[in-house]
>>> print(open('start05.txt').read())   # compact mmCIF, C-alpha atoms
# COMPACT_ATOMS: atom_id res chain seq x y z
CA ASP J 1 77.74 119.81 18.42
CA ALA J 2 81.50 120.23 18.65
CA GLY J 3 82.73 121.97 21.73
CA VAL J 4 85.95 123.94 21.95
CA THR J 5 88.78 122.24 20.10
CA GLN J 6 92.43 122.88 20.93
CA SER J 7 95.57 121.66 19.21
CA PRO J 8 98.01 120.22 19.81
CA THR J 9 97.13 118.38 23.01
CA HIS J 10 100.73 118.10 24.16
CA LEU J 11 103.89 119.91 23.16
CA ILE J 12 107.52 119.88 24.27
CA LYS J 13 109.68 122.88 23.42
CA THR J 14 113.16 124.07 24.30
CA ARG J 15 113.90 127.31 26.14
CA GLY J 16 114.09 130.24 23.76
CA GLN J 17 111.88 128.67 21.13
CA GLN J 18 108.53 129.96 19.93
CA VAL J 19 105.21 128.12 20.05
CA THR J 20 101.77 128.53 18.49
CA LEU J 21 98.67 127.02 20.04
CA ARG J 22 95.34 126.84 18.24
CA CYS J 23 91.71 127.02 19.29
CA SER J 24 88.42 126.53 17.47
CA PRO J 25 85.50 127.88 19.46
CA LYS J 26 82.21 126.17 20.07
CA SER J 27 79.69 126.59 17.28
CA GLY J 28 77.81 129.86 17.73
CA HIS J 29 80.49 131.43 19.94
CA ASP J 30 82.27 134.56 18.77
CA THR J 31 84.63 135.35 21.65
CA VAL J 32 87.80 133.50 22.62
CA SER J 33 89.76 133.81 25.85
CA TRP J 34 93.06 132.20 26.73
CA TYR J 35 94.11 131.08 30.20
CA GLN J 36 97.34 129.66 31.60
CA GLN J 37 97.12 127.07 34.36
CA ALA J 38 100.37 126.19 36.10
CA LEU J 39 100.52 123.01 38.17
CA GLY J 40 98.60 123.39 41.41
CA GLN J 41 97.20 126.80 40.46
CA GLY J 42 93.93 128.08 39.12
CA PRO J 43 93.73 129.30 35.53
CA GLN J 44 95.11 132.81 34.96
CA PHE J 45 93.61 135.08 32.30
CA ILE J 46 95.98 135.88 29.44
CA PHE J 47 93.76 137.79 27.00
CA GLN J 48 90.44 137.81 25.18
CA TYR J 49 89.73 138.25 21.49
CA TYR J 50 86.55 139.59 19.96
CA GLU J 51 85.96 140.81 16.42
CA GLU J 52 89.55 139.86 15.57
CA GLU J 53 91.00 142.24 18.13
CA GLU J 54 92.54 141.82 21.57
CA ARG J 55 89.90 143.32 23.78
CA GLN J 56 91.38 142.74 27.20
CA ARG J 57 94.74 141.54 28.47
CA GLY J 58 95.81 140.05 31.76
CA ASN J 59 99.14 140.46 33.50
CA PHE J 60 101.29 138.66 30.96
CA PRO J 61 104.39 139.95 29.13
CA ASP J 62 104.46 140.91 25.46
CA ARG J 63 106.01 137.54 24.66
CA PHE J 64 102.43 136.32 24.73
CA SER J 65 100.46 137.40 21.68
CA GLY J 66 97.44 136.19 19.86
CA HIS J 67 95.22 136.42 16.88
CA GLN J 68 91.60 135.81 16.01
CA PHE J 69 90.51 134.90 12.51
CA PRO J 70 87.27 135.80 10.70
CA ASN J 71 85.88 132.34 11.48
CA TYR J 72 86.39 133.15 15.22
CA SER J 73 89.20 130.63 15.67
CA SER J 74 92.23 131.86 17.53
CA GLU J 75 95.94 131.35 18.03
CA LEU J 76 98.14 131.95 21.05
CA ASN J 77 101.82 132.63 20.33
CA VAL J 78 104.54 132.59 22.94
CA ASN J 79 108.04 133.78 22.02
CA ALA J 80 111.36 133.22 23.80
CA LEU J 81 109.97 130.39 25.91
CA LEU J 82 111.00 130.17 29.55
CA LEU J 83 110.88 127.14 31.82
CA GLY J 84 108.15 128.95 33.76
CA ASP J 85 105.90 128.94 30.70
CA SER J 86 105.33 125.22 31.24
CA ALA J 87 101.62 124.93 31.92
CA LEU J 88 98.23 123.85 30.64
CA TYR J 89 96.95 126.47 28.20
CA LEU J 90 93.18 126.63 28.10
CA CYS J 91 91.01 128.25 25.49
CA ALA J 92 87.50 129.29 26.45
CA SER J 93 84.85 130.47 24.03
CA SER J 94 81.67 132.34 24.79
CA PRO J 95 78.73 133.79 22.89
CA LEU J 96 77.33 137.30 22.70
CA GLY J 97 80.67 139.03 22.62
CA GLY J 98 81.60 137.58 25.96
CA ALA J 99 78.80 139.41 27.73
CA ASP J 100 77.43 136.18 29.10
CA ASN J 101 79.68 134.96 31.92
CA TYR J 102 77.52 131.90 32.21
CA GLY J 103 78.23 130.79 28.68
CA TYR J 104 81.94 130.01 28.90
CA THR J 105 83.03 126.65 27.48
CA PHE J 106 86.61 125.49 27.97
CA GLY J 107 88.62 123.33 25.64
CA SER J 108 90.61 120.41 27.03
CA GLY J 109 93.80 122.43 26.76
CA THR J 110 97.31 122.17 25.40
CA ARG J 111 99.90 120.94 27.85
CA LEU J 112 103.15 122.75 27.11
CA THR J 113 106.42 121.58 28.59
CA VAL J 114 109.50 123.76 28.20
CA VAL J 115 112.83 122.00 28.74
CA ARG B 116 96.20 139.79 48.55
CA LYS B 117 94.87 137.44 45.89
CA GLU B 118 91.45 138.27 44.46
CA VAL B 119 90.05 134.82 45.16
CA GLU B 120 91.29 132.59 47.96
CA GLN B 121 90.47 128.98 48.72
CA ASP B 122 91.73 126.34 51.11
CA PRO B 123 93.60 123.96 48.78
CA GLY B 124 92.81 120.93 50.94
CA PRO B 125 92.91 118.08 50.23
CA PHE B 126 89.62 117.17 51.79
CA ASN B 127 89.40 113.41 52.25
CA VAL B 128 85.87 112.27 53.07
CA PRO B 129 84.08 108.92 53.08
CA GLU B 130 81.26 108.19 50.68
CA GLY B 131 77.99 109.59 51.91
CA ALA B 132 79.57 112.39 53.90
CA THR B 133 78.66 116.05 53.67
CA VAL B 134 81.51 118.40 52.84
CA ALA B 135 81.68 122.19 52.56
CA PHE B 136 84.17 124.45 50.84
CA ASN B 137 84.57 128.15 51.36
CA CYS B 138 86.08 130.82 49.19
CA THR B 139 86.74 134.49 49.88
CA TYR B 140 87.07 137.30 47.37
CA SER B 141 88.69 140.69 47.80
CA ASN B 142 86.74 142.94 45.43
CA SER B 143 83.45 144.01 46.97
CA ALA B 144 82.24 145.15 43.54
CA SER B 145 82.34 141.60 42.17
CA GLN B 146 79.13 140.68 40.44
CA SER B 147 79.23 137.12 39.15
CA PHE B 148 80.17 134.03 41.11
CA PHE B 149 80.62 130.45 40.04
CA TRP B 150 81.88 127.06 41.11
CA TYR B 151 83.76 125.09 38.48
CA ARG B 152 84.81 121.47 38.73
CA GLN B 153 88.10 120.26 37.28
CA ASP B 154 89.02 116.59 37.04
CA CYS B 155 92.66 115.61 37.01
CA ARG B 156 94.40 116.87 33.84
CA LYS B 157 91.09 117.94 32.31
CA GLU B 158 89.46 121.30 31.58
CA PRO B 159 87.35 123.21 34.11
CA LYS B 160 83.60 122.73 33.73
CA LEU B 161 80.90 124.93 35.17
CA LEU B 162 79.30 123.21 38.15
CA MET B 163 76.92 125.95 39.15
CA SER B 164 76.47 129.68 39.34
CA VAL B 165 76.05 131.27 42.76
CA TYR B 166 73.19 133.66 43.40
CA SER B 167 72.67 136.03 46.29
CA SER B 168 69.65 134.11 47.52
CA GLY B 169 71.54 130.83 47.46
CA ASN B 170 70.80 128.05 45.04
CA GLU B 171 70.66 124.29 44.95
CA ASP B 172 71.25 121.73 42.24
CA GLY B 173 70.59 118.22 43.46
CA ARG B 174 73.18 117.38 46.12
CA PHE B 175 74.99 120.69 45.62
CA THR B 176 74.14 123.93 47.39
CA ALA B 177 75.90 127.25 46.80
CA GLN B 178 75.67 130.29 49.04
CA LEU B 179 76.91 133.85 48.66
CA ASN B 180 77.56 136.22 51.54
CA ARG B 181 78.25 139.64 50.07
CA ALA B 182 78.77 141.33 53.43
CA SER B 183 81.59 138.95 54.35
CA GLN B 184 82.67 138.44 50.75
CA TYR B 185 82.64 134.69 50.79
CA ILE B 186 81.09 131.93 48.75
CA SER B 187 80.41 128.39 49.88
CA LEU B 188 79.69 125.07 48.23
CA LEU B 189 78.04 122.25 50.13
CA ILE B 190 78.04 118.71 48.78
CA ARG B 191 75.69 116.26 50.44
CA ASP B 192 75.83 112.46 50.22
CA SER B 193 79.27 112.52 48.57
CA LYS B 194 79.88 110.07 45.74
CA LEU B 195 83.19 108.63 44.57
CA SER B 196 82.62 110.52 41.31
CA ASP B 197 82.65 113.84 43.19
CA SER B 198 86.43 113.49 43.61
CA ALA B 199 87.87 116.46 41.76
CA THR B 200 89.22 119.97 42.28
CA TYR B 201 86.59 122.62 42.88
CA LEU B 202 87.45 126.09 41.61
CA CYS B 203 85.84 129.24 42.96
CA VAL B 204 85.43 131.86 40.23
CA VAL B 205 84.56 135.53 40.50
CA ASN B 206 83.95 138.24 37.93
CA GLY B 207 83.31 141.92 38.41
CA PRO B 208 83.63 145.35 36.91
CA ASN B 209 87.33 145.65 37.72
CA SER B 210 88.15 142.39 35.99
CA GLY B 211 86.18 143.18 32.86
CA TYR B 212 85.72 140.03 30.84
CA ALA B 213 88.27 137.99 32.79
CA LEU B 214 87.21 135.22 35.12
CA ASN B 215 89.25 135.23 38.34
CA PHE B 216 89.90 131.72 39.55
CA GLY B 217 90.96 130.57 42.96
CA LYS B 218 93.64 127.87 43.23
CA GLY B 219 91.01 125.26 43.79
CA THR B 220 90.11 122.88 46.61
CA SER B 221 90.92 119.22 46.13
CA LEU B 222 88.30 116.68 47.21
CA LEU B 223 88.87 112.96 47.47
CA VAL B 224 85.88 110.78 48.31
CA THR B 225 86.89 107.36 49.55
CA PRO B 226 84.89 104.11 49.72
>>> encode(input="start05.txt", output="structure tokens")
Amino acid sequence: DAGVTQSPTHLIKTRGQQVTLRCSPKSGHDTVSWYQQALGQGPQFIFQYYEEEERQRGNFPDRFSGHQFPNYSSELNVNALLLGDSALYLCASSPLGGADNYGYTFGSGTRLTVV
Amino acid sequence: RKEVEQDPGPFNVPEGATVAFNCTYSNSASQSFFWYRQDCRKEPKLLMSVYSSGNEDGRFTAQLNRASQYISLLIRDSKLSDSATYLCVVNGPNSGYALNFGKGTSLLVTP
């Protein structure tokens, strides 16, 4: 049973560029959340997608946007990259529309470096 | 004030030792509490949920004190493989679907 799959695993971008990160949720999960984890910090909630819509958003600027597809997979887009966007980006999927806090499964993340 | 606060450590303990981590949370309406484990450069994984009555899973014991708004994790008979960062996680009505993570406490178990 495949868990949460994220791609790419590593990425280096230049300031000002745009990046797209991808996530395939665990089989049977319909909700996808994205988190940013800077070095030495805990993960910070970016947003959650359910039924192809952004259901909740954390304290992140509009440069961060996302999408969920009918097959429940999701993309995270970041525009106008800043050095401070360098972090591990984690995707977490959950079942039951995200109602089950105990059912979160995290992917291994995409490590983004902005130079 | 951050919603979830933890002592970042590091905690360096010898094999076989007992070690305890504490975590405090600011929102008294918080409803769900967890400890996650994160190995170096890996994803967080759920270690255990924390219930009001306290709960145990093998060598791990979690406690919740709602009055003082803190959560604890006790690890007995530490193993080398317990070396990791332990993340305290809280969820409540104000956070909606978002999990609020602490910065994590780093544990290093030495031979």
>>> residues_around(input="start05.txt", residues="B:Gly173", least_positions_apart="6", cutoff="12 Å", atoms="all atoms listed in the file", output="list in words")
Leu162, Met163, Leu189, Ile190, Arg191, Asp192 and Ser193 of chain B
>>> closest_atom_pairs(input="start05.txt", of="chain J", to="chain B", cutoff="10 Å", atoms="all atoms listed in the file", output="JSON lines")
{"residue": "J:Ser33", "atom": "CA", "partner": "B:Ala213", "partner_atom": "CA", "distance": 8.2}
{"residue": "J:Trp34", "atom": "CA", "partner": "B:Ala213", "partner_atom": "CA", "distance": 9.7}
{"residue": "J:Tyr35", "atom": "CA", "partner": "B:Ala213", "partner_atom": "CA", "distance": 9.4}
{"residue": "J:Gln37", "atom": "CA", "partner": "B:Lys218", "partner_atom": "CA", "distance": 9.6}
{"residue": "J:Ala38", "atom": "CA", "partner": "B:Lys218", "partner_atom": "CA", "distance": 9.9}
{"residue": "J:Leu39", "atom": "CA", "partner": "B:Arg156", "partner_atom": "CA", "distance": 9.7}
{"residue": "J:Gly40", "atom": "CA", "partner": "B:Lys218", "partner_atom": "CA", "distance": 6.9}
{"residue": "J:Gln41", "atom": "CA", "partner": "B:Lys218", "partner_atom": "CA", "distance": 4.6}
{"residue": "J:Gly42", "atom": "CA", "partner": "B:Lys218", "partner_atom": "CA", "distance": 4.1}
{"residue": "J:Pro43", "atom": "CA", "partner": "B:Phe216", "partner_atom": "CA", "distance": 6.1}
{"residue": "J:Gln44", "atom": "CA", "partner": "B:Phe216", "partner_atom": "CA", "distance": 7.0}
{"residue": "J:Phe45", "atom": "CA", "partner": "B:Ala213", "partner_atom": "CA", "distance": 6.1}
{"residue": "J:Ile46", "atom": "CA", "partner": "B:Ala213", "partner_atom": "CA", "distance": 8.7}
{"residue": "J:Phe47", "atom": "CA", "partner": "B:Ala213", "partner_atom": "CA", "distance": 8.0}
{"residue": "J:Gln48", "atom": "CA", "partner": "B:Tyr212", "partner_atom": "CA", "distance": 7.7}
{"residue": "J:Arg55", "atom": "CA", "partner": "B:Tyr212", "partner_atom": "CA", "distance": 8.8}
{"residue": "J:Gln56", "atom": "CA", "partner": "B:Tyr212", "partner_atom": "CA", "distance": 7.3}
{"residue": "J:Arg57", "atom": "CA", "partner": "B:Ala213", "partner_atom": "CA", "distance": 8.6}
{"residue": "J:Gly58", "atom": "CA", "partner": "B:Ala213", "partner_atom": "CA", "distance": 7.9}
{"residue": "J:Leu88", "atom": "CA", "partner": "B:Arg156", "partner_atom": "CA", "distance": 8.6}
{"residue": "J:Tyr89", "atom": "CA", "partner": "B:Glu158", "partner_atom": "CA", "distance": 9.7}
{"residue": "J:Leu90", "atom": "CA", "partner": "B:Glu158", "partner_atom": "CA", "distance": 7.4}
{"residue": "J:Cys91", "atom": "CA", "partner": "B:Glu158", "partner_atom": "CA", "distance": 9.4}
{"residue": "J:Ala92", "atom": "CA", "partner": "B:Glu158", "partner_atom": "CA", "distance": 9.7}
{"residue": "J:Gly97", "atom": "CA", "partner": "B:Tyr212", "partner_atom": "CA", "distance": 9.7}
{"residue": "J:Gly98", "atom": "CA", "partner": "B:Tyr212", "partner_atom": "CA", "distance": 6.8}
{"residue": "J:Ala99", "atom": "CA", "partner": "B:Tyr212", "partner_atom": "CA", "distance": 7.6}
{"residue": "J:Asp100", "atom": "CA", "partner": "B:Tyr212", "partner_atom": "CA", "distance": 9.3}
{"residue": "J:Asn101", "atom": "CA", "partner": "B:Ser147", "partner_atom": "CA", "distance": 7.6}
{"residue": "J:Tyr102", "atom": "CA", "partner": "B:Ser164", "partner_atom": "CA", "distance": 7.5}
{"residue": "J:Gly103", "atom": "CA", "partner": "B:Leu161", "partner_atom": "CA", "distance": 9.1}
{"residue": "J:Tyr104", "atom": "CA", "partner": "B:Leu161", "partner_atom": "CA", "distance": 8.1}
{"residue": "J:Thr105", "atom": "CA", "partner": "B:Lys160", "partner_atom": "CA", "distance": 7.4}
{"residue": "J:Phe106", "atom": "CA", "partner": "B:Glu158", "partner_atom": "CA", "distance": 6.2}
{"residue": "J:Gly107", "atom": "CA", "partner": "B:Glu158", "partner_atom": "CA", "distance": 6.3}
{"residue": "J:Ser108", "atom": "CA", "partner": "B:Glu158", "partner_atom": "CA", "distance": 4.8}
{"residue": "J:Gly109", "atom": "CA", "partner": "B:Glu158", "partner_atom": "CA", "distance": 6.6}
{"residue": "J:Arg111", "atom": "CA", "partner": "B:Arg156", "partner_atom": "CA", "distance": 9.1}
>>> atom_distance(input="start05.txt", atom1="atom CA of B:Ile186", atom2="atom CA of B:Ser167")
9.7 Å
>>> residues_near_point(input="start05.txt", point="(82.5, 115.3, 39.4)", cutoff="8 Å", atoms="only C-alpha atoms", output="list of chain:residue names")
B:Arg152, B:Gln153, B:Asp154, B:Ser196, B:Asp197, B:Ser198, B:Ala199
>>> write_last_selection(input="start05.txt", atoms="C-alpha atoms", output="mmCIF file, keeping the file's coordinate frame")
data_model
loop_
_atom_site.group_PDB
_atom_site.id
_atom_site.type_symbol
_atom_site.label_atom_id
_atom_site.label_comp_id
_atom_site.auth_asym_id
_atom_site.auth_seq_id
_atom_site.Cartn_x
_atom_site.Cartn_y
_atom_site.Cartn_z
ATOM 1 C CA ARG B 152 84.810 121.470 38.730
ATOM 2 C CA GLN B 153 88.100 120.260 37.280
ATOM 3 C CA ASP B 154 89.020 116.590 37.040
ATOM 4 C CA SER B 196 82.620 110.520 41.310
ATOM 5 C CA ASP B 197 82.650 113.840 43.190
ATOM 6 C CA SER B 198 86.430 113.490 43.610
ATOM 7 C CA ALA B 199 87.870 116.460 41.760
#
>>> closest_residue(input="start05.txt", among="J:Leu21, J:Ala80, J:Ser93, J:Gly28", to="J:His67", atoms="all atoms listed in the file")
J:Leu21
>>> atom_distance(input="start05.txt", atom1="atom CA of J:Cys23", atom2="atom CA of J:Leu83")
22.9 Å
>>> closest_residue(input="start05.txt", among="B:Asn209, B:Asn142, B:Asn127, B:Thr133", to="B:Arg174", atoms="all atoms listed in the file")
B:Thr133
>>> atom_distance(input="start05.txt", atom1="atom CA of B:Phe175", atom2="atom CA of J:Lys26")
27.1 Å
>>> build_atoms(input="start05.txt", residues="stretch 45-56 of chain J", atoms="all heavy atoms", output="tab-separated table (two decimals), in the coordinates of the input")
chain	number	residue	atom	x	y	z
J	45	PHE	N	94.05	134.47	33.55
J	45	PHE	CA	93.61	135.08	32.30
J	45	PHE	C	94.78	135.70	31.55
J	45	PHE	O	95.53	136.51	32.10
J	45	PHE	CB	92.57	136.16	32.64
J	45	PHE	CG	92.07	136.95	31.46
J	45	PHE	CD1	91.17	136.39	30.57
J	45	PHE	CD2	92.47	138.26	31.28
J	45	PHE	CE1	90.69	137.13	29.51
J	45	PHE	CE2	92.00	139.01	30.22
J	45	PHE	CZ	91.11	138.44	29.33
J	46	ILE	N	94.92	135.31	30.27
J	46	ILE	CA	95.98	135.88	29.44
J	46	ILE	C	95.42	137.04	28.62
J	46	ILE	O	95.87	138.17	28.73
J	46	ILE	CB	96.60	134.82	28.50
J	46	ILE	CG1	97.14	133.64	29.30
J	46	ILE	CG2	97.70	135.46	27.65
J	46	ILE	CD1	97.66	132.50	28.44
J	47	PHE	N	94.43	136.75	27.77
J	47	PHE	CA	93.76	137.79	27.00
J	47	PHE	C	92.48	137.23	26.38
J	47	PHE	O	92.22	136.03	26.41
J	47	PHE	CB	94.63	138.42	25.92
J	47	PHE	CG	95.51	137.50	25.13
J	47	PHE	CD1	95.02	136.38	24.49
J	47	PHE	CD2	96.86	137.79	25.00
J	47	PHE	CE1	95.84	135.55	23.76
J	47	PHE	CE2	97.70	136.97	24.27
J	47	PHE	CZ	97.19	135.84	23.65
J	48	GLN	N	91.69	138.17	25.85
J	48	GLN	CA	90.44	137.81	25.18
J	48	GLN	C	90.40	138.48	23.81
J	48	GLN	O	90.77	139.65	23.67
J	48	GLN	CB	89.23	138.25	25.99
J	48	GLN	CG	87.90	137.80	25.38
J	48	GLN	CD	86.70	138.26	26.19
J	48	GLN	OE1	86.18	139.35	26.01
J	48	GLN	NE2	86.26	137.39	27.09
J	49	TYR	N	89.89	137.73	22.84
J	49	TYR	CA	89.73	138.25	21.49
J	49	TYR	C	88.27	138.29	21.09
J	49	TYR	O	87.50	137.34	21.35
J	49	TYR	CB	90.52	137.39	20.49
J	49	TYR	CG	91.96	137.80	20.41
J	49	TYR	CD1	92.87	137.33	21.35
J	49	TYR	CD2	92.40	138.70	19.45
J	49	TYR	CE1	94.19	137.74	21.32
J	49	TYR	CE2	93.72	139.11	19.40
J	49	TYR	CZ	94.60	138.63	20.34
J	49	TYR	OH	95.92	139.04	20.30
J	50	TYR	N	87.91	139.40	20.47
J	50	TYR	CA	86.55	139.59	19.96
J	50	TYR	C	86.64	140.45	18.73
J	50	TYR	O	87.37	141.45	18.72
J	50	TYR	CB	85.66	140.25	21.03
J	50	TYR	CG	84.28	140.61	20.56
J	50	TYR	CD1	83.39	139.63	20.16
J	50	TYR	CD2	83.87	141.94	20.54
J	50	TYR	CE1	82.12	139.96	19.73
J	50	TYR	CE2	82.61	142.28	20.11
J	50	TYR	CZ	81.72	141.28	19.71
J	50	TYR	OH	80.46	141.61	19.29
J	51	GLU	N	85.93	140.08	17.70
J	51	GLU	CA	85.96	140.81	16.42
J	51	GLU	C	87.40	141.00	15.94
J	51	GLU	O	87.79	142.07	15.49
J	51	GLU	CB	85.24	142.16	16.55
J	51	GLU	CG	83.75	141.99	16.76
J	51	GLU	CD	82.96	143.29	16.70
J	51	GLU	OE1	83.54	144.35	17.02
J	51	GLU	OE2	81.78	143.25	16.34
J	52	GLU	N	88.18	139.94	16.08
J	52	GLU	CA	89.55	139.86	15.57
J	52	GLU	C	90.51	140.83	16.25
J	52	GLU	O	91.60	141.08	15.74
J	52	GLU	CB	89.57	140.06	14.05
J	52	GLU	CG	88.72	139.06	13.30
J	52	GLU	CD	88.72	139.30	11.80
J	52	GLU	OE1	89.79	139.49	11.22
J	52	GLU	OE2	87.61	139.30	11.22
J	53	GLU	N	90.11	141.33	17.41
J	53	GLU	CA	91.00	142.24	18.13
J	53	GLU	C	91.16	141.79	19.58
J	53	GLU	O	90.24	141.22	20.18
J	53	GLU	CB	90.45	143.66	18.09
J	53	GLU	CG	90.43	144.23	16.70
J	53	GLU	CD	90.51	145.75	16.68
J	53	GLU	OE1	90.47	146.37	17.76
J	53	GLU	OE2	90.63	146.30	15.56
J	54	GLU	N	92.32	142.09	20.15
J	54	GLU	CA	92.54	141.82	21.57
J	54	GLU	C	91.76	142.86	22.36
J	54	GLU	O	92.08	144.05	22.32
J	54	GLU	CB	94.03	141.91	21.90
J	54	GLU	CG	94.34	141.60	23.36
J	54	GLU	CD	95.81	141.81	23.69
J	54	GLU	OE1	96.65	141.04	23.22
J	54	GLU	OE2	96.10	142.77	24.43
J	55	ARG	N	90.78	142.39	23.10
J	55	ARG	CA	89.90	143.32	23.78
J	55	ARG	C	90.35	143.59	25.21
J	55	ARG	O	90.12	144.67	25.74
J	55	ARG	CB	88.48	142.77	23.77
J	55	ARG	CG	87.50	143.63	24.54
J	55	ARG	CD	86.09	143.36	24.13
J	55	ARG	NE	85.66	142.04	24.52
J	55	ARG	CZ	84.43	141.59	24.35
J	55	ARG	NH1	83.52	142.38	23.80
J	55	ARG	NH2	84.10	140.38	24.71
J	56	GLN	N	90.92	142.58	25.83
J	56	GLN	CA	91.38	142.74	27.20
J	56	GLN	C	92.57	141.84	27.42
J	56	GLN	O	92.63	140.73	26.85
J	56	GLN	CB	90.26	142.38	28.19
J	56	GLN	CG	90.64	142.61	29.65
J	56	GLN	CD	89.52	142.28	30.60
J	56	GLN	OE1	88.35	142.23	30.21
J	56	GLN	NE2	89.85	142.08	31.86
